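Asker: What follows is a structure written as C-alpha cells; I'll ask about it next.
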Amino acid sequence: MENSNHLTSEYSLPEEYQVPGRITSRRDNPLAWLLAHFTQYWYLGLTTLIGAIGNASLAAVVPVIVGRALNALQDNPPKTELLLNFALIIVVTQVIRGALQLGRNFSAELLGQLMERDIRHELYTSLLGKSMTYHSLLPVGDVMARSANDVREINFMFSPGFNLVVGSANFIIMPIIFSYQYHPSLIIPPLIFLVLYIVALWQYLYELQPITDSVRKAFGTLNSRL
C-alpha cells in the first residue's frame, strides 16, 4: 500500500499546477482520450459539418438551375422572363455557399488550434508534476518530439484532416441525392462509384498503414537517442 501511494504521489499532478475549469481527459484508451478533448468543442465540429453539407448541396444547385433555365428557353414560346430569377437564385445560393465554406474552414482551423492548445497544456502540466528522477530517465529528444511534433499532428488531424474528410464525403453523397429527382435509375452509377471508392480507399490505407507506422517508429527511435 505504501509503494502504491508513493507511485500515485510521484506521477500525479500536484494541485498547484491544476487549472480551474480545465477538463480531466480520459485515459482509458487513445480514442476515449481524444473524444474527451473533442467534446469540449463539439459545436465547432458541428459547424464544420454544417458548412460541408451546405457547400456540397449548394454546389449541386447550380447545374439544377441551369437545367431549368434551359428548359424555360426551349418552351414554346420561350419563357425568357424566368432567366433573371434563375440568375438571382444562382448568385444568392453561391454567396451563401461561400459564407458556409468560410465558416467551415474557420471552425475546422479553430478546432485544430484549440485541440492542440489543450493537449499541449495537459502534457506540459503533467511534465511539471513529475520528479527530477523521472525527467532524468526520460530522453530529452522524446519530450521535445511529444511536445512539438506529436501535439502538432493532432492539429493536422482536424485541420485539414477532418475538414477534408467531411467535405469530400458530402460531395460523394450529394450526386446520389440530387440525381434521384430526375430518374431513380440515375443513382446507380454514383452508388457503384461509392462502393468502389470505399474498397479502393480501404485497400490504400491498409497498404499505407505499415509504411506509416515504420516511419513514425523510426522518427521516435531517432528522438529517443537525442
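Ligands are numbered from 1 in the order shown, chains are lettered A, B, ... in the order of the C-alpha cells, and residues start at 1 in each chain.
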Would you tabulate, counting only C-alpha atoms, all residues of segment 63-170 of chain A that have an atom at most 10 Å from an atom of segment 23-42 of chain A, showing the closest pair of atoms and their distance in Å to one decimal, sorted by chain then ascending number, as a Markdown table?

Answerer:
```
| residue | atom | partner | partner_atom | distance |
| --- | --- | --- | --- | --- |
| A:Ser107 | CA | A:Tyr41 | CA | 9.9 |
| A:Leu110 | CA | A:Tyr41 | CA | 9.6 |
| A:Leu111 | CA | A:Tyr41 | CA | 6.9 |
| A:Gly112 | CA | A:Phe38 | CA | 9.5 |
| A:Leu114 | CA | A:Tyr41 | CA | 8.3 |
| A:Met115 | CA | A:His37 | CA | 6.7 |
| A:Glu116 | CA | A:His37 | CA | 9.7 |
| A:Asp118 | CA | A:His37 | CA | 7.6 |
| A:Ile119 | CA | A:His37 | CA | 7.8 |
| A:Glu122 | CA | A:Ser25 | CA | 8.6 |
| A:Ile154 | CA | A:Leu34 | CA | 9.1 |
| A:Phe158 | CA | A:Phe38 | CA | 9.8 |
```

Asker: Could you give me the residues within segment 90-205 of chain A that DSSP places in alpha helix (DSSP H), as a ChimeraX atom specification?

Answerer: /A:90-128,132-137,140-145,151-156,163-179,188-205

Asker: Please produce a file of those selected residues containing C-alpha atoms, as a compact mmCIF listing (two decimals), in the first residue's frame.

Answerer:
```txt
# COMPACT_ATOMS: atom_id res chain seq x y z
CA ILE A 90 -27.61 31.07 -58.54
CA VAL A 91 -25.99 34.27 -57.23
CA VAL A 92 -27.70 34.10 -53.83
CA THR A 93 -27.02 30.40 -53.30
CA GLN A 94 -23.36 30.74 -54.22
CA VAL A 95 -22.88 33.72 -51.90
CA ILE A 96 -24.42 31.65 -49.10
CA ARG A 97 -22.22 28.74 -50.11
CA GLY A 98 -19.13 30.94 -49.86
CA ALA A 99 -20.14 32.09 -46.37
CA LEU A 100 -20.73 28.50 -45.27
CA GLN A 101 -17.38 27.46 -46.72
CA LEU A 102 -15.66 30.26 -44.82
CA GLY A 103 -17.40 29.22 -41.61
CA ARG A 104 -16.49 25.59 -42.20
CA ASN A 105 -12.79 26.30 -42.75
CA PHE A 106 -12.66 28.75 -39.84
CA SER A 107 -14.35 26.26 -37.50
CA ALA A 108 -12.04 23.41 -38.52
CA GLU A 109 -8.93 25.54 -38.11
CA LEU A 110 -10.08 26.89 -34.75
CA LEU A 111 -10.96 23.36 -33.62
CA GLY A 112 -7.50 22.10 -34.51
CA GLN A 113 -5.77 25.01 -32.77
CA LEU A 114 -7.84 24.64 -29.60
CA MET A 115 -7.26 20.89 -29.50
CA GLU A 116 -3.52 21.42 -29.89
CA ARG A 117 -3.52 24.07 -27.16
CA ASP A 118 -5.41 21.93 -24.64
CA ILE A 119 -3.41 18.78 -25.33
CA ARG A 120 -0.12 20.65 -25.09
CA HIS A 121 -1.34 22.21 -21.84
CA GLU A 122 -2.18 18.75 -20.49
CA LEU A 123 1.26 17.46 -21.46
CA TYR A 124 3.18 20.41 -20.04
CA THR A 125 1.35 20.45 -16.72
CA SER A 126 1.81 16.69 -16.47
CA LEU A 127 5.55 17.06 -17.05
CA LEU A 128 5.73 19.81 -14.43
CA MET A 132 13.58 15.15 -11.39
CA THR A 133 14.21 11.41 -11.26
CA TYR A 134 11.50 10.87 -13.85
CA HIS A 135 12.96 13.54 -16.13
CA SER A 136 16.49 12.20 -15.77
CA LEU A 137 15.29 8.81 -17.03
CA VAL A 140 15.18 14.93 -23.88
CA GLY A 141 14.52 14.24 -27.55
CA ASP A 142 11.47 12.17 -26.69
CA VAL A 143 10.00 15.01 -24.62
CA MET A 144 10.73 17.50 -27.39
CA ALA A 145 9.09 15.30 -30.01
CA VAL A 151 0.90 17.51 -30.45
CA ARG A 152 1.02 19.33 -33.77
CA GLU A 153 -0.16 16.18 -35.53
CA ILE A 154 -3.42 16.36 -33.54
CA ASN A 155 -3.99 19.80 -35.04
CA PHE A 156 -3.40 18.46 -38.55
CA ASN A 163 -12.32 19.14 -42.69
CA LEU A 164 -11.32 17.38 -45.91
CA VAL A 165 -12.95 14.10 -44.94
CA VAL A 166 -16.40 15.58 -44.23
CA GLY A 167 -16.11 17.81 -47.30
CA SER A 168 -15.23 15.04 -49.74
CA ALA A 169 -17.81 12.70 -48.20
CA ASN A 170 -20.60 15.20 -48.84
CA PHE A 171 -19.52 15.75 -52.44
CA ILE A 172 -19.78 11.98 -52.95
CA ILE A 173 -23.22 11.75 -51.34
CA MET A 174 -24.88 14.77 -52.99
CA PRO A 175 -24.92 13.33 -56.56
CA ILE A 176 -26.82 10.32 -55.20
CA ILE A 177 -29.41 12.58 -53.56
CA PHE A 178 -29.88 15.05 -56.42
CA SER A 179 -29.85 12.54 -59.27
CA ILE A 188 -26.94 3.56 -59.78
CA PRO A 189 -23.66 4.98 -61.25
CA PRO A 190 -22.81 7.13 -58.19
CA LEU A 191 -23.71 4.23 -55.89
CA ILE A 192 -21.36 1.93 -57.79
CA PHE A 193 -18.66 4.61 -57.64
CA LEU A 194 -19.22 4.99 -53.88
CA VAL A 195 -18.77 1.26 -53.26
CA LEU A 196 -15.64 1.09 -55.44
CA TYR A 197 -14.27 4.22 -53.79
CA ILE A 198 -14.69 2.75 -50.30
CA VAL A 199 -13.00 -0.50 -51.34
CA ALA A 200 -10.11 1.33 -53.04
CA LEU A 201 -9.65 3.66 -50.06
CA TRP A 202 -9.67 0.75 -47.61
CA GLN A 203 -7.07 -1.09 -49.70
CA TYR A 204 -4.90 2.03 -49.96
CA LEU A 205 -4.98 2.70 -46.22
```

Asker: Between atom CA of Tyr180 of chain A and atom CA of Ala59 of chain A, what is the spacing in Å?

Answerer: 16.4 Å
